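Working notes, beginning with the structure itself.
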Amino acid sequence: MAGVPGAAVVLTADQILMAQHRLLLDGMLASSQTTTSPEPLLRGLLLPSAPHDPSTGRAILAPLGLRRVEAALRRDGLAQADVAVADERHLTHVIGPETRVVALATGDPLGLGMSSSTMTAVAGGRIWTEMLFRRVLARVRATVRAAGSPAKIVVGGPGAWQLAQQPDRMGPLGIDHVICDYCEANVTDLVRQVMSGVLLPPVLQGEPPKVSDIPPIVGPATMGAVELSRGCGLGCDFCTLAGVAMGHLSPDTILADAETNLAGGNANLALLSEDFLRYGAEGVRCRPDALLELIRQLRSLRGVRLLQVDHVNVASVGQFGTGELRTLHDLLAGDQRGLCWVNIGVESASGRLVAALGCRPKMGGVAPEDWAVFAREQLSRLCATGFLPLTSLVIGVPGETTEDLRLTLDWVRSLRDLRLTVFPVLYAPVDGSPSPAPQSLSKLHWELLRECYALNFRHMPALYWDNQTRGGVPRSKCLGFQLLGKGQIAQWKTLLWWRQWRAPA
Ligand code: SF4
């Protein structure tokens, strides 16, 4: 649409963040692909185009982070016409000569995240999240230029730390500013300063609002994302949220965000928190009653289908009674019984190593020598109450010994009788320095990876089938995912065997 004046502020993101994923699992699968997965496959199956308003080009769905920024800008006085959210296919509808700021959200702009480093170490290639971020950035630059707009390009989101750590990478990418961390308290002020040409440093510090001041979203979020809590504060060395205390959104805000998603056609909600079980907690002391009450209210909303959870902590599972876990599972599952998965970070069976990684607070007072048994017990309790844990380990960490790896390998073997998965990820320092090179991983590392993926290959296809069919994904697409899964399993089995064979002892 040539000749549009353009919105003053345009919000956008890459195609992985902007796609219409029906499930949290779909988004996770898409963001774990490397360029060894051909682009037509990615576009055909993993990146369904999200709907947009044909008359304005504005996106109907947007990542939760962009929705919060949009809500903050609107709350602080910008008119609806001044703030447009659009995906890269419709930038020409919303960027014009009047556009002053184009802000992009990113999860992994330089491909330095732990999951990305692991995927590229095994599968090779570059992570698509990085490549598609570069692509949308290039389209933004071209559209701004073609529109004759003086707009500045600003980047934020959970991956902004990577650019802030390496500001010399910003110029060549055409990025004017990066805003770090949660920023709803000062984002409008920063955007207004950029709009009026105030000279600002390249790296800007966001100010988090009090949780009670987090503005409810004004449009539906991709994957039906609903934020329950933010931050964590448990101190793990490899995590950007290590020093950010956890805060819980009020039930009113959570329910309002859930309603906005449901009204926008998202029947499957993704309940986001770094530790779902800590909802309403004072510090690390869980309050099962507060969480159960919230989930009851969410379950009673009209039209809700899947209630998906992302992360929980081992020590928090230990604070829930078995009956409470079962009740929670049943509320999450609703009438359509099925598999409820949860990400859970065990990090290593070596408690010594886990403590050395700064994770002592997440061990919940358990002595390092008891960590492996305690973690297995909690995984077992999750399985017994209907959950399917997606367990994560960190490998290649400084100070890791052969003994630590052997301990963890034996521990993973002890999980064979449980219905769970284990995903080892490569250590990635949060100072932006690179993960260990794949070539530096030993045969034992690869043996551990193979042992874990033997579990994953057994349980992930059934989990996908369960969640997709219950989540209303068309049957043909579910079958497409199963076929893709078979192909990727065969590819990964070969790659893992090959990498172990070639690795140093
Ligand atoms: S428990 Fe998880 S979210 Fe919290 S600091 Fe550790 S890794 Fe980060």
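Naming scheme: A, B, ... for chains in displayed order of the structure tokens; residues 1 onward per chain; ligands 1 onward as shown.
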
Give me the residues within 7 Å of stretch 113-124 of chain A as an mmCIF file with C-alpha atoms, in the first residue's frame, counting only C-alpha atoms and dropping any in the same chain fewer than 4 places off.
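Output contents, as saved in result-v2.cif:
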data_model
loop_
_atom_site.group_PDB
_atom_site.id
_atom_site.type_symbol
_atom_site.label_atom_id
_atom_site.label_comp_id
_atom_site.auth_asym_id
_atom_site.auth_seq_id
_atom_site.Cartn_x
_atom_site.Cartn_y
_atom_site.Cartn_z
ATOM 1 C CA SER A 32 15.060 -25.241 17.695
ATOM 2 C CA THR A 34 18.835 -24.976 12.256
ATOM 3 C CA THR A 36 19.997 -27.866 7.981
ATOM 4 C CA ASP A 108 18.224 -15.026 20.100
ATOM 5 C CA VAL A 425 22.016 -28.176 26.565
ATOM 6 C CA LEU A 426 25.465 -26.721 26.079
ATOM 7 C CA TYR A 427 26.587 -24.246 28.701
ATOM 8 C CA ALA A 428 26.453 -20.684 27.378
ATOM 9 C CA SER A 435 29.592 -21.931 24.301
ATOM 10 C CA PRO A 438 31.276 -28.889 19.626
ATOM 11 C CA LEU A 495 24.440 -37.509 13.723
ATOM 12 C CA LEU A 496 24.774 -38.395 17.406
#

Using only C-alpha atoms, which protein or nucleic acid residues come within 8 Å of A:Ala7? Drop anything in the same chain fewer than 6 positions from it, and give the result as JSON, numbers by chain.
{"A": [81, 82, 83, 84, 94, 95, 96, 98, 99]}

Now that the selection is made, can you save its residues with N, CA and C atoms as a JSON list (two decimals), in the first residue's frame?
[["chain", "number", "residue", "atom", "x", "y", "z"],
["A", 81, "ALA", "N", -3.79, 4.64, 16.64],
["A", 81, "ALA", "CA", -3.27, 4.85, 15.28],
["A", 81, "ALA", "C", -1.76, 5.04, 15.28],
["A", 82, "ASP", "N", -1.20, 5.44, 16.44],
["A", 82, "ASP", "CA", 0.24, 5.72, 16.49],
["A", 82, "ASP", "C", 1.09, 4.47, 16.69],
["A", 83, "VAL", "N", 0.47, 3.37, 17.11],
["A", 83, "VAL", "CA", 1.23, 2.16, 17.44],
["A", 83, "VAL", "C", 0.69, 1.02, 16.60],
["A", 84, "ALA", "N", 1.52, 0.47, 15.72],
["A", 84, "ALA", "CA", 1.07, -0.63, 14.86],
["A", 84, "ALA", "C", 1.96, -1.85, 15.07],
["A", 94, "VAL", "N", 2.46, -0.33, 7.21],
["A", 94, "VAL", "CA", 2.49, 0.42, 8.48],
["A", 94, "VAL", "C", 3.68, 1.35, 8.62],
["A", 95, "ILE", "N", 4.72, 1.15, 7.80],
["A", 95, "ILE", "CA", 5.87, 2.05, 7.85],
["A", 95, "ILE", "C", 5.72, 3.08, 6.74],
["A", 96, "GLY", "N", 5.81, 4.34, 7.12],
["A", 96, "GLY", "CA", 5.70, 5.42, 6.13],
["A", 96, "GLY", "C", 6.58, 6.57, 6.58],
["A", 98, "GLU", "N", 5.97, 9.07, 8.26],
["A", 98, "GLU", "CA", 5.72, 9.56, 9.62],
["A", 98, "GLU", "C", 6.26, 8.61, 10.70],
["A", 99, "THR", "N", 6.74, 7.45, 10.28],
["A", 99, "THR", "CA", 7.23, 6.47, 11.26],
["A", 99, "THR", "C", 8.54, 6.98, 11.88]]

Could I get the residues of chain A with an atom no further than 6 Å from an atom of ligand 1, each paired with its nearest atom pair and that distance in Å to one decimal, using only C-alpha atoms and all ligand atoms, sorted by chain and residue number, as a tab-separated table?
residue	atom	partner	partner_atom_place_in_ligand_line	distance
A:Cys232	CA	ligand 1	4 (Fe)	4.6
A:Gly233	CA	ligand 1	5 (S)	5.4
A:Leu234	CA	ligand 1	5 (S)	4.3
A:Gly235	CA	ligand 1	5 (S)	4.7
A:Cys236	CA	ligand 1	6 (Fe)	4.3
A:Cys239	CA	ligand 1	8 (Fe)	4.5
A:Leu241	CA	ligand 1	8 (Fe)	5.1
A:Ala242	CA	ligand 1	5 (S)	3.7
A:Glu274	CA	ligand 1	3 (S)	5.0
A:Lys362	CA	ligand 1	1 (S)	5.7

Review point. Counting only C-alpha atoms, what is within 12 Å of stretch 128-135 of chain A, bar same-chain residues fewer than 6 positions away, as number ranges by chain?
Key: A: 12-19, 27-39, 42-43, 46-47, 87-89, 104-113, 115-117, 119-120, 141-142, 155-156, 159-160, 162-163, 169-170, 172-175

Query - DSSP strand (DSSP E or B) residues within stretch 20-95 of chain A, listed as a PyMOL selection string - result: chain A and resi 34+52+59+62+83-85

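Of the listed residues (A:Met223, A:Ala503, A:Val9, A:Leu291), A:Val9 comes nearest to A:Ala103; the distances count only C-alpha atoms.
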
Extract, using only C-alpha atoms, all DNA, RNA and protein residues at most 9 Å from stretch 497-501 of chain A, discarding same-chain residues fewer than 4 positions from it, and format them as a PDB file with C-alpha atoms, in the first residue's frame.
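Wrote part22.pdb, looks like this:
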ATOM      1  CA  VAL A 122      24.439 -31.526  16.854  1.00  0.00           C
ATOM      2  CA  PRO A 438      31.276 -28.889  19.626  1.00  0.00           C
ATOM      3  CA  GLN A 439      34.700 -30.333  18.779  1.00  0.00           C
ATOM      4  CA  LEU A 441      32.938 -32.348  23.590  1.00  0.00           C
ATOM      5  CA  SER A 442      34.227 -35.769  24.611  1.00  0.00           C
ATOM      6  CA  LYS A 443      32.939 -39.216  23.710  1.00  0.00           C
ATOM      7  CA  LEU A 444      31.328 -39.295  27.141  1.00  0.00           C
ATOM      8  CA  HIS A 445      29.393 -36.080  26.408  1.00  0.00           C
ATOM      9  CA  TRP A 446      28.056 -37.623  23.215  1.00  0.00           C
ATOM     10  CA  GLU A 447      27.236 -40.898  24.966  1.00  0.00           C
ATOM     11  CA  ARG A 450      22.644 -40.369  22.936  1.00  0.00           C
ATOM     12  CA  TRP A 492      19.693 -37.235  14.818  1.00  0.00           C
ATOM     13  CA  LYS A 493      20.429 -40.901  15.577  1.00  0.00           C
TER      14      LYS A 493
END

Between atom CA of A:Leu11 and atom CA of A:His311 lies a distance of 27.4 Å

From a DSSP calculation on the backbone, collect every residue of stretch 103-206 of chain A in helix (DSSP H, G or I) and output the set as a PDB file with N, CA and C atoms, in the first residue's frame.
ATOM      1  N   MET A 114      21.487 -21.101  24.887  1.00  0.00           N
ATOM      2  CA  MET A 114      21.968 -22.459  25.181  1.00  0.00           C
ATOM      3  C   MET A 114      21.343 -23.482  24.233  1.00  0.00           C
ATOM      4  N   SER A 115      20.057 -23.342  24.013  1.00  0.00           N
ATOM      5  CA  SER A 115      19.392 -24.305  23.144  1.00  0.00           C
ATOM      6  C   SER A 115      19.938 -24.189  21.712  1.00  0.00           C
ATOM      7  N   SER A 116      20.122 -22.940  21.236  1.00  0.00           N
ATOM      8  CA  SER A 116      20.628 -22.739  19.875  1.00  0.00           C
ATOM      9  C   SER A 116      22.011 -23.338  19.723  1.00  0.00           C
ATOM     10  N   SER A 117      22.882 -23.098  20.720  1.00  0.00           N
ATOM     11  CA  SER A 117      24.250 -23.621  20.635  1.00  0.00           C
ATOM     12  C   SER A 117      24.224 -25.143  20.563  1.00  0.00           C
ATOM     13  N   THR A 118      23.304 -25.742  21.302  1.00  0.00           N
ATOM     14  CA  THR A 118      23.217 -27.206  21.308  1.00  0.00           C
ATOM     15  C   THR A 118      22.714 -27.728  19.970  1.00  0.00           C
ATOM     16  N   MET A 119      21.681 -27.086  19.450  1.00  0.00           N
ATOM     17  CA  MET A 119      21.108 -27.547  18.181  1.00  0.00           C
ATOM     18  C   MET A 119      22.137 -27.445  17.059  1.00  0.00           C
ATOM     19  N   THR A 120      22.884 -26.345  17.032  1.00  0.00           N
ATOM     20  CA  THR A 120      23.875 -26.212  15.951  1.00  0.00           C
ATOM     21  C   THR A 120      25.052 -27.169  16.180  1.00  0.00           C
ATOM     22  N   ALA A 121      25.366 -27.473  17.443  1.00  0.00           N
ATOM     23  CA  ALA A 121      26.459 -28.424  17.709  1.00  0.00           C
ATOM     24  C   ALA A 121      26.097 -29.806  17.178  1.00  0.00           C
ATOM     25  N   VAL A 122      24.844 -30.183  17.294  1.00  0.00           N
ATOM     26  CA  VAL A 122      24.439 -31.526  16.854  1.00  0.00           C
ATOM     27  C   VAL A 122      24.086 -31.520  15.364  1.00  0.00           C
ATOM     28  N   ALA A 123      23.206 -30.625  14.977  1.00  0.00           N
ATOM     29  CA  ALA A 123      22.660 -30.690  13.612  1.00  0.00           C
ATOM     30  C   ALA A 123      23.503 -29.929  12.600  1.00  0.00           C
ATOM     31  N   TRP A 128      17.821 -20.980  13.008  1.00  0.00           N
ATOM     32  CA  TRP A 128      16.905 -20.165  12.204  1.00  0.00           C
ATOM     33  C   TRP A 128      16.460 -18.902  12.939  1.00  0.00           C
ATOM     34  N   THR A 129      16.406 -18.952  14.273  1.00  0.00           N
ATOM     35  CA  THR A 129      15.982 -17.746  15.004  1.00  0.00           C
ATOM     36  C   THR A 129      16.903 -16.571  14.670  1.00  0.00           C
ATOM     37  N   GLU A 130      18.207 -16.851  14.599  1.00  0.00           N
ATOM     38  CA  GLU A 130      19.170 -15.794  14.256  1.00  0.00           C
ATOM     39  C   GLU A 130      18.986 -15.365  12.793  1.00  0.00           C
ATOM     40  N   MET A 131      18.853 -16.351  11.909  1.00  0.00           N
ATOM     41  CA  MET A 131      18.765 -16.018  10.486  1.00  0.00           C
ATOM     42  C   MET A 131      17.490 -15.221  10.177  1.00  0.00           C
ATOM     43  N   LEU A 132      16.397 -15.610  10.812  1.00  0.00           N
ATOM     44  CA  LEU A 132      15.141 -14.902  10.526  1.00  0.00           C
ATOM     45  C   LEU A 132      15.105 -13.531  11.193  1.00  0.00           C
ATOM     46  N   PHE A 133      15.818 -13.383  12.294  1.00  0.00           N
ATOM     47  CA  PHE A 133      15.942 -12.054  12.894  1.00  0.00           C
ATOM     48  C   PHE A 133      16.684 -11.133  11.924  1.00  0.00           C
ATOM     49  N   ARG A 134      17.791 -11.649  11.358  1.00  0.00           N
ATOM     50  CA  ARG A 134      18.550 -10.842  10.392  1.00  0.00           C
ATOM     51  C   ARG A 134      17.670 -10.469   9.191  1.00  0.00           C
ATOM     52  N   ARG A 135      16.821 -11.423   8.806  1.00  0.00           N
ATOM     53  CA  ARG A 135      15.981 -11.177   7.630  1.00  0.00           C
ATOM     54  C   ARG A 135      14.950 -10.081   7.901  1.00  0.00           C
ATOM     55  N   VAL A 136      14.284 -10.153   9.046  1.00  0.00           N
ATOM     56  CA  VAL A 136      13.275  -9.116   9.323  1.00  0.00           C
ATOM     57  C   VAL A 136      13.949  -7.763   9.503  1.00  0.00           C
ATOM     58  N   LEU A 137      15.137  -7.790  10.090  1.00  0.00           N
ATOM     59  CA  LEU A 137      15.890  -6.540  10.260  1.00  0.00           C
ATOM     60  C   LEU A 137      16.193  -5.918   8.891  1.00  0.00           C
ATOM     61  N   ALA A 138      16.623  -6.765   7.950  1.00  0.00           N
ATOM     62  CA  ALA A 138      16.940  -6.260   6.605  1.00  0.00           C
ATOM     63  C   ALA A 138      15.679  -5.696   5.955  1.00  0.00           C
ATOM     64  N   ARG A 139      14.557  -6.378   6.161  1.00  0.00           N
ATOM     65  CA  ARG A 139      13.304  -5.880   5.561  1.00  0.00           C
ATOM     66  C   ARG A 139      12.878  -4.570   6.192  1.00  0.00           C
ATOM     67  N   VAL A 140      13.086  -4.457   7.500  1.00  0.00           N
ATOM     68  CA  VAL A 140      12.747  -3.203   8.182  1.00  0.00           C
ATOM     69  C   VAL A 140      13.585  -2.068   7.603  1.00  0.00           C
ATOM     70  N   ARG A 141      14.893  -2.319   7.497  1.00  0.00           N
ATOM     71  CA  ARG A 141      15.783  -1.264   6.984  1.00  0.00           C
ATOM     72  C   ARG A 141      15.359  -0.849   5.575  1.00  0.00           C
ATOM     73  N   ALA A 142      15.077  -1.855   4.721  1.00  0.00           N
ATOM     74  CA  ALA A 142      14.708  -1.548   3.332  1.00  0.00           C
ATOM     75  C   ALA A 142      13.390  -0.779   3.282  1.00  0.00           C
ATOM     76  N   THR A 143      12.443  -1.181   4.132  1.00  0.00           N
ATOM     77  CA  THR A 143      11.125  -0.523   4.099  1.00  0.00           C
ATOM     78  C   THR A 143      11.227   0.916   4.612  1.00  0.00           C
ATOM     79  N   VAL A 144      12.008   1.097   5.661  1.00  0.00           N
ATOM     80  CA  VAL A 144      12.192   2.449   6.204  1.00  0.00           C
ATOM     81  C   VAL A 144      12.825   3.346   5.127  1.00  0.00           C
ATOM     82  N   ARG A 145      13.858   2.786   4.466  1.00  0.00           N
ATOM     83  CA  ARG A 145      14.535   3.567   3.420  1.00  0.00           C
ATOM     84  C   ARG A 145      13.559   3.919   2.293  1.00  0.00           C
ATOM     85  N   ALA A 146      12.804   2.912   1.843  1.00  0.00           N
ATOM     86  CA  ALA A 146      11.899   3.135   0.710  1.00  0.00           C
ATOM     87  C   ALA A 146      10.797   4.134   1.063  1.00  0.00           C
ATOM     88  N   ALA A 147      10.422   4.172   2.344  1.00  0.00           N
ATOM     89  CA  ALA A 147       9.340   5.079   2.754  1.00  0.00           C
ATOM     90  C   ALA A 147       9.855   6.503   2.979  1.00  0.00           C
ATOM     91  N   ALA A 160      17.884  -9.558  23.935  1.00  0.00           N
ATOM     92  CA  ALA A 160      18.567  -8.263  23.772  1.00  0.00           C
ATOM     93  C   ALA A 160      19.928  -8.247  24.461  1.00  0.00           C
ATOM     94  N   TRP A 161      20.072  -9.042  25.535  1.00  0.00           N
ATOM     95  CA  TRP A 161      21.353  -9.064  26.259  1.00  0.00           C
ATOM     96  C   TRP A 161      22.516  -9.418  25.337  1.00  0.00           C
ATOM     97  N   GLN A 162      22.260 -10.233  24.305  1.00  0.00           N
ATOM     98  CA  GLN A 162      23.353 -10.657  23.430  1.00  0.00           C
ATOM     99  C   GLN A 162      23.934  -9.451  22.694  1.00  0.00           C
ATOM    100  N   LEU A 163      23.069  -8.557  22.235  1.00  0.00           N
ATOM    101  CA  LEU A 163      23.538  -7.362  21.536  1.00  0.00           C
ATOM    102  C   LEU A 163      24.157  -6.372  22.517  1.00  0.00           C
ATOM    103  N   ALA A 164      23.578  -6.291  23.714  1.00  0.00           N
ATOM    104  CA  ALA A 164      24.125  -5.368  24.712  1.00  0.00           C
ATOM    105  C   ALA A 164      25.543  -5.790  25.114  1.00  0.00           C
ATOM    106  N   GLN A 165      25.799  -7.109  25.118  1.00  0.00           N
ATOM    107  CA  GLN A 165      27.138  -7.598  25.442  1.00  0.00           C
ATOM    108  C   GLN A 165      28.114  -7.340  24.312  1.00  0.00           C
ATOM    109  N   PRO A 167      27.994  -4.625  21.673  1.00  0.00           N
ATOM    110  CA  PRO A 167      27.385  -3.483  20.959  1.00  0.00           C
ATOM    111  C   PRO A 167      28.049  -3.198  19.619  1.00  0.00           C
ATOM    112  N   ASP A 168      29.285  -3.686  19.420  1.00  0.00           N
ATOM    113  CA  ASP A 168      29.939  -3.467  18.124  1.00  0.00           C
ATOM    114  C   ASP A 168      29.227  -4.224  16.996  1.00  0.00           C
ATOM    115  N   ARG A 169      28.386  -5.192  17.364  1.00  0.00           N
ATOM    116  CA  ARG A 169      27.635  -5.933  16.334  1.00  0.00           C
ATOM    117  C   ARG A 169      26.396  -5.150  15.881  1.00  0.00           C
ATOM    118  N   MET A 170      26.006  -4.118  16.665  1.00  0.00           N
ATOM    119  CA  MET A 170      24.751  -3.422  16.348  1.00  0.00           C
ATOM    120  C   MET A 170      24.851  -2.593  15.063  1.00  0.00           C
ATOM    121  N   GLY A 171      25.941  -1.845  14.943  1.00  0.00           N
ATOM    122  CA  GLY A 171      26.102  -0.946  13.779  1.00  0.00           C
ATOM    123  C   GLY A 171      25.968  -1.700  12.460  1.00  0.00           C
ATOM    124  N   PRO A 172      26.772  -2.767  12.260  1.00  0.00           N
ATOM    125  CA  PRO A 172      26.671  -3.495  10.986  1.00  0.00           C
ATOM    126  C   PRO A 172      25.270  -4.060  10.722  1.00  0.00           C
ATOM    127  N   LEU A 173      24.505  -4.310  11.784  1.00  0.00           N
ATOM    128  CA  LEU A 173      23.143  -4.827  11.580  1.00  0.00           C
ATOM    129  C   LEU A 173      22.135  -3.685  11.373  1.00  0.00           C
ATOM    130  N   VAL A 187       9.509   2.426  28.886  1.00  0.00           N
ATOM    131  CA  VAL A 187       9.623   2.272  27.434  1.00  0.00           C
ATOM    132  C   VAL A 187       9.018   3.463  26.688  1.00  0.00           C
ATOM    133  N   THR A 188       7.934   4.020  27.193  1.00  0.00           N
ATOM    134  CA  THR A 188       7.313   5.146  26.480  1.00  0.00           C
ATOM    135  C   THR A 188       8.242   6.350  26.508  1.00  0.00           C
ATOM    136  N   ASP A 189       8.862   6.553  27.665  1.00  0.00           N
ATOM    137  CA  ASP A 189       9.785   7.676  27.789  1.00  0.00           C
ATOM    138  C   ASP A 189      10.951   7.501  26.804  1.00  0.00           C
ATOM    139  N   LEU A 190      11.511   6.290  26.761  1.00  0.00           N
ATOM    140  CA  LEU A 190      12.631   6.038  25.846  1.00  0.00           C
ATOM    141  C   LEU A 190      12.198   6.223  24.396  1.00  0.00           C
ATOM    142  N   VAL A 191      11.036   5.683  24.059  1.00  0.00           N
ATOM    143  CA  VAL A 191      10.553   5.797  22.671  1.00  0.00           C
ATOM    144  C   VAL A 191      10.318   7.267  22.312  1.00  0.00           C
ATOM    145  N   ARG A 192       9.757   8.023  23.245  1.00  0.00           N
ATOM    146  CA  ARG A 192       9.504   9.458  22.947  1.00  0.00           C
ATOM    147  C   ARG A 192      10.827  10.200  22.734  1.00  0.00           C
ATOM    148  N   GLN A 193      11.827   9.847  23.540  1.00  0.00           N
ATOM    149  CA  GLN A 193      13.130  10.508  23.371  1.00  0.00           C
ATOM    150  C   GLN A 193      13.731  10.158  22.008  1.00  0.00           C
ATOM    151  N   VAL A 194      13.638   8.885  21.631  1.00  0.00           N
ATOM    152  CA  VAL A 194      14.167   8.489  20.318  1.00  0.00           C
ATOM    153  C   VAL A 194      13.405   9.220  19.216  1.00  0.00           C
ATOM    154  N   MET A 195      12.074   9.309  19.380  1.00  0.00           N
ATOM    155  CA  MET A 195      11.244   9.960  18.357  1.00  0.00           C
ATOM    156  C   MET A 195      11.613  11.428  18.189  1.00  0.00           C
TER     157      MET A 195
END

Give me the residues near A:Val373 as a ChimeraX atom specification, where near means some atom within 12 Å (using only C-alpha atoms) and where sequence neighbours in that chain fewer than 4 positions away do not count. /A:314,346,348-351,363,366-369,377-380,407-408,410-412,414-415

Item checked: Non-local contacts of A:Ile217 (10 Å; only C-alpha atoms; under 2 positions in same chain excluded) as a VMD selection string -> chain A and resid 64 to 72 214 to 215 219 to 221 226 253 to 254 256 to 258 260 to 261

Open item on the list: Quick one: residues within 9 Å of A:Phe481, only C-alpha atoms, excluding same-chain residues fewer than 2 positions away - as an MDAnalysis selection string?
Closed with: chainID A and resid 45:46 461 464:465 476:479 483:486

N, CA and C atoms of the current selection, written as a compact mmCIF listing (two decimals), in the first residue's frame:
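File out_23.txt, as written:
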# COMPACT_ATOMS: atom_id res chain seq x y z
N LEU A 45 5.47 -26.20 7.29
CA LEU A 45 4.93 -26.94 8.43
C LEU A 45 5.08 -26.21 9.75
N LEU A 46 6.22 -25.55 9.94
CA LEU A 46 6.53 -25.04 11.28
C LEU A 46 6.25 -23.55 11.47
N PRO A 461 7.29 -38.17 20.16
CA PRO A 461 6.22 -38.28 19.14
C PRO A 461 4.83 -38.44 19.76
N TYR A 464 3.68 -35.05 21.16
CA TYR A 464 3.21 -34.16 20.09
C TYR A 464 1.81 -34.54 19.63
N TRP A 465 1.65 -35.85 19.38
CA TRP A 465 0.36 -36.32 18.89
C TRP A 465 -0.74 -35.96 19.87
N SER A 476 -4.29 -33.60 9.40
CA SER A 476 -3.25 -33.71 8.37
C SER A 476 -1.95 -33.09 8.87
N LYS A 477 -2.08 -32.03 9.63
CA LYS A 477 -0.88 -31.37 10.15
C LYS A 477 -0.23 -32.22 11.24
N CYS A 478 -1.06 -32.84 12.08
CA CYS A 478 -0.51 -33.74 13.12
C CYS A 478 0.30 -34.84 12.45
N LEU A 479 -0.26 -35.38 11.35
CA LEU A 479 0.46 -36.46 10.63
C LEU A 479 1.75 -35.91 10.02
N LEU A 483 5.52 -37.34 10.63
CA LEU A 483 6.46 -37.69 9.56
C LEU A 483 7.77 -36.93 9.71
N LEU A 484 7.64 -35.63 9.99
CA LEU A 484 8.84 -34.82 10.21
C LEU A 484 9.64 -35.40 11.38
N GLY A 485 8.92 -35.79 12.44
CA GLY A 485 9.58 -36.37 13.62
C GLY A 485 10.36 -37.62 13.25
N LYS A 486 9.75 -38.48 12.44
CA LYS A 486 10.46 -39.71 12.04
C LYS A 486 11.74 -39.37 11.29

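Atom CA of A:Arg305 is found 23.8 Å from atom CA of A:Arg230.
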
With distances taken over only C-alpha atoms, the candidate from A:Leu271, A:Leu449, A:Val312, A:Leu420 nearest A:Ala462 is A:Leu420

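With only C-alpha atoms as the atoms that count, the residue of A:Arg413, A:Arg287, A:Arg100, A:His177 with the shortest distance to A:Cys452 is A:Arg413.
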
Of A:Gln308, A:Ser212, A:Ser433, A:Thr240, the one nearest to A:Gly224 when counting only C-alpha atoms is A:Gln308

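Distance-wise, atom CA of A:Gly358 and atom CA of A:Gly206 end up 25.3 Å apart.
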
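You can rank A:Leu200, A:Leu382, A:Ala375, A:Leu357 by their closest distance to A:Thr327 using only C-alpha atoms, and at the top of that list sits A:Leu382.
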
For A:His52, the closest of A:Val354, A:Val244, A:Ala86, A:Gly264 counting only C-alpha atoms is A:Ala86
